Amino acid sequence: MAAVADTTTVRRVRRRPSTGRIVAWAVMAAIVLITLLPFYWILRTALSSNTALAAHPGDLLPVDATTGGFERALGLQSTEEAIAQGGSGGGLKFWRYLINSVVVSTLITVCQIFFSAMAAYAFARLRWRGREKVFGLFLAGLMVPAIFTLLPNFVLIKQLGLVDSLLGVALPTMFMTPFAVFFLRQFFMNVPREVEEAALLDGAGKIRIFFRVMLPMASTPILTLGLLTYITAWNDYFWPLMVSYSDSSRVLTVALAIFRAQTPQTGYDWSGLMAATLIAALPMLVLFGFFARRIVGSISFTGIK
Amino acid sequence: MTIASSSPPSRLPLGGAAGAGTEQRTRRAATRENRGDGRLAAVFIAPALLGFAAFLLWPTLRGVYLSFTRFNLLTPPQWVGLDNYVRMVHDPIFWDSLLVTVEYVVINIGVQTMSALAIAVLLQRLTQSAVLRGIVLTPYLMSNVVAGIVWLWMLDTQLGIGNEIIAGLGFDRIPFLADETWAIPTIALINVWRHVGYTALLLFAGLMAIPNDVYEAAKVDGASEWRMFWRITMPLLRPVLAVVLIMTVIGSFQVFDTVAVTTAGGPANATNVLQYYIYGAAFGRFQFGYASAMSVALLVVLSAITVLQYRITRAGQSDLG
């Protein structure tokens with residue numbers, strides 16, 4: 001009886017949507033529009049020509065469609081050509097920065113997660129004196145805001161002679177973050193004791209257990225954490241800005257800010273700028289295309305204890 | 001936090017089949033096996049500990065030390081006692097930048113928390129579509145630099161689509177990022193655009209922890225959505241909301257990237273947020289000691305706010321269950 005009554009209510013609600021629901025859907029639609037419009041506007045502007053943009057600022061489609069913006073961003077145009085189309089003529093090699101960004105983000109993600117997993121395993125599954133104290137120290141590290149360590153870290157990297165190198169950009173977050181250790185420790189703690197004991201009886205050593213049993217079992221949280229780490233590393237700006245001065249270590253975020261600063265103040269090179277923006281953002285959008293479900297799901301359980 | 005753990009690989013023989021005797025043997029085996037743990041743990045923890053000591057612990061101590069020195073990177077730090085702090089207290093630009101930062105944080109956190117809450121509730125009560133959750137998150141994938149440049153373009157006074165719409169509706173064009181009053185709210189809203197989806201998903205996860213039968217029961221009693229929001233959602237979400245607030249406020253105080261690419265602190269110091277001022281002192285004027293002192297001040301402010309927030313919002317206590 002109750003079930004029947006339930007379905008009829010549901011059906012009635014479906015048939016006559018209330019004003020509240022209509023308003024709610026309208027709000028949702030507006031949110032989606034505000035969220036996505038900038039992405040379309042990047043594409044639309046990147047494919048337009050600067051002179052035409054000035055004449056038709058509100059057109060919804062690309063005006064006087066051209067790939068000139070991308071050519072300038074990738075440094076494929078001659079200086080005269082670039083200036084004629086509204087660019088600064090100052091070349092930037094976005095391919096180079098793209099590779100730098102990939103190298104730095106990959107280095108940070110792979111090393112940080114591997115070392116953090118090792119530490120997390122030691123904290124969760126090995127017995128040693130002072131374990132709780134050292135872990136407490138790591139946890140306290142969570143409280144130190146990034147800004148506070150940036151200046152001293154710069155001094156340290158400078159003393160190590162690593163300023164303006166890819167290693168210098170990657171090093172501070174390459175070994176660990178308290179969050180990564182904490183996150184993975186939580187997972188290892190939940191692995192049933194029997195799994196380990198069974199492997200021990202099989203004659204496997206602890207090292208073997210870590211690599212052959214624990215790491216494969218943790219592949220889901222590792223991938224999750226890896227994706228978030230990669231996004232964060234890719235988007236970082238302040239630290240790379242501090243340590244990189246030349247093409248050899250410049251990453252996309254920094255290059256993009258420089259490209260924006262170079263563009264003539266009187267009449268920005270908007271189409272070139274948007275093309276460069278798209279180049280800088282595209283890899284993350286592609287990554288999202290592949291792992292959307294996982295990234296969305298992972299955020300739910302990373303933030304909340 | 002619960003993470004679904006996969007079942008143990010079946011090819012491994014599981015102990016405990018023969019009853020109590022095996023259990024004892026296993027325990028003895030376990031203590032024997034734990035003997036080498038200390039050495040192995042030292043190896044396993046070494047890289048992380050090295051990183052922690054070199055890039056977190058040591059910089060923290062060194063930052064405090066540098067704040068008591070005059071240091072320009074070229075010559076060794078020179079101890080000056082409280083000079084940097086005295087100077088800071090008498091520096092009107094420091095107080096201005098602190099004020100600007102607070103203004104930014106209030107607008108950013110206020111708008112972001114309310115919008116994120118609205119989005120999260122819509123995602124919970126209206127549709128739990130994974131596609132919509134994905135769409136809402138997309139700006140989070142952009143860097144602050146990209147977000148800043150895109151909105152700089154969309155809000156451009158002459159050519160930006162935003163001002164085209166405003167002009168089309170018959171209003172005056174607004175120089176969003178070039179005007180002293182508009183610049184900070186604009187930057188705050190740009191960062192809301194980038195981060196609101198992430199915050200909404202955190203809150204959404206909190207909402208999903210509220211058992212659905214609570215809502216069903218309230219509906220049977222004839223409660224409206226509005227009433228359910230205030231009587232069920234808000235009280236039960238409070239602990240999660242508190243944690244999210246603490247996290248986002250700390251992040252918000254460290255605003256830098258968006259300012260750097262849009263206004264560079266201008267016009268007339270109107271967007272000279274604290275972190276931007278610190279950066280300028282260090283890398284523009286090479287006053288590393290003074291910059292460190294301001295970082296210490298920021299750290300103190302952040303710690304105080306965190307403690308205060310934790311107390312006020314009773315973040316540690318749950319009303320659920």
# chains A, B, ... in the order shown; residues from 1 in each chain; ligands from 1
$ closest_atom_pairs --of "chain A" --to "chain B" --cutoff "7 Å" --atoms "only C-alpha atoms" --output "tab-separated table"
residue	atom	partner	partner_atom	distance
A:Val32	CA	B:Val136	CA	6.8
A:Thr35	CA	B:Val136	CA	6.5
A:Pro38	CA	B:Val150	CA	6.8
A:Ile42	CA	B:Val150	CA	6.9
A:Ala54	CA	B:Leu159	CA	6.5
A:Pro57	CA	B:Leu159	CA	5.1
A:Gly58	CA	B:Ile161	CA	5.8
A:Phe115	CA	B:Ala48	CA	5.9
A:Ser116	CA	B:Ala48	CA	6.2
A:Met118	CA	B:Phe44	CA	5.2
A:Ala119	CA	B:Ile45	CA	4.5
A:Ala122	CA	B:Ala41	CA	5.2
A:Leu126	CA	B:Asp37	CA	5.6
A:Arg127	CA	B:Asp37	CA	5.8
A:Trp128	CA	B:Gly38	CA	4.9
A:Gly141	CA	B:Leu56	CA	7.0
A:Ile147	CA	B:Gln254	CA	6.8
A:Phe148	CA	B:Ser295	CA	5.7
A:Thr149	CA	B:Pro59	CA	5.3
A:Pro152	CA	B:Pro59	CA	4.9
A:Asn153	CA	B:Pro59	CA	5.9
A:Pro172	CA	B:Phe55	CA	5.5
A:Phe175	CA	B:Gly51	CA	4.9
A:Met176	CA	B:Ala48	CA	5.3
A:Phe187	CA	B:Ile3	CA	6.6
A:Val191	CA	B:Ser5	CA	6.7
A:Glu194	CA	B:Leu14	CA	6.9
A:Val195	CA	B:Pro8	CA	5.8
A:Ala198	CA	B:Leu14	CA	5.2
A:Ala199	CA	B:Leu12	CA	6.6
A:Met217	CA	B:Ser6	CA	6.6
A:Ile231	CA	B:Leu141	CA	6.6
A:Asn235	CA	B:Ser143	CA	4.4
A:Tyr237	CA	B:Asp257	CA	6.6
A:Phe238	CA	B:Asp257	CA	6.7
A:Thr253	CA	B:Val145	CA	6.3
A:Ala257	CA	B:Val261	CA	6.0
A:Thr277	CA	B:Val146	CA	5.9
A:Ala281	CA	B:Met142	CA	5.9
A:Met284	CA	B:Leu141	CA	6.1
A:Leu285	CA	B:Leu141	CA	6.9
A:Ala292	CA	B:Gly134	CA	6.4
A:Val296	CA	B:Gly134	CA	6.2
A:Ile299	CA	B:Leu202	CA	6.6
A:Ser300	CA	B:Ala205	CA	5.0
A:Phe301	CA	B:Met1	CA	6.5
A:Gly303	CA	B:Leu202	CA	6.3
A:Ile304	CA	B:Met1	CA	6.7
A:Lys305	CA	B:Met1	CA	4.5
$ residues_around --residues "segment 160-171 of chain A" --least-positions-apart "3" --cutoff "9 Å" --atoms "only C-alpha atoms" --output "list of chain:residue names"
A:Asn100, A:Val103, A:Val104, A:Ser105, A:Leu107, A:Ile108, A:Phe154, A:Val155, A:Leu156, A:Ile157, A:Met174, A:Phe175, A:Ala233, A:Trp239, A:Pro240, A:Met242, A:Val243, A:Ser244, A:Tyr245, A:Ser246, A:Asp247, A:Ser248, A:Ser249, A:Arg250, A:Val251, B:Gly51, B:Phe55
$ residues_around --residues "Val307 of chain B" --least-positions-apart "6" --cutoff "12 Å" --atoms "only C-alpha atoms" --output "VMD selection string"
(chain A and resid 143) or (chain B and resid 242 to 243 246 250 300 to 301 313 to 316)
$ select_by_dssp --residues "segment 64-200 of chain B" --states "strand (DSSP E or B)" --output "PyMOL selection string"
chain B and resi 69-70+78-79
$ closest_residue --among "B:Leu117, B:Ala281, B:Ala178, B:Ala218" --to "Asn72 of chain B" --atoms "only C-alpha atoms"
B:Ala281
$ closest_residue --among "B:Leu98, B:Leu207, B:Leu155, B:Ala293" --to "Gln128 of chain B" --atoms "only C-alpha atoms"
B:Leu207
$ select_by_dssp --residues "segment 45-242 of chain B" --states "alpha helix (DSSP H)" --output "ChimeraX atom specification"
/B:45-52,58-66,83-89,92-125,130-137,144-154,161-168,180-208,212-220,225-228,234-242
$ residues_around --residues "Asp91 of chain B" --least-positions-apart "6" --cutoff "12 Å" --atoms "only C-alpha atoms" --output "list in words"
Asn84, Tyr85, Ser97, Leu98, Tyr277, Tyr290 and Met294 of chain B
$ atom_distance --atom1 "atom CA of Arg212 of chain A" --atom2 "atom CA of Phe179 of chain A"
24.2 Å
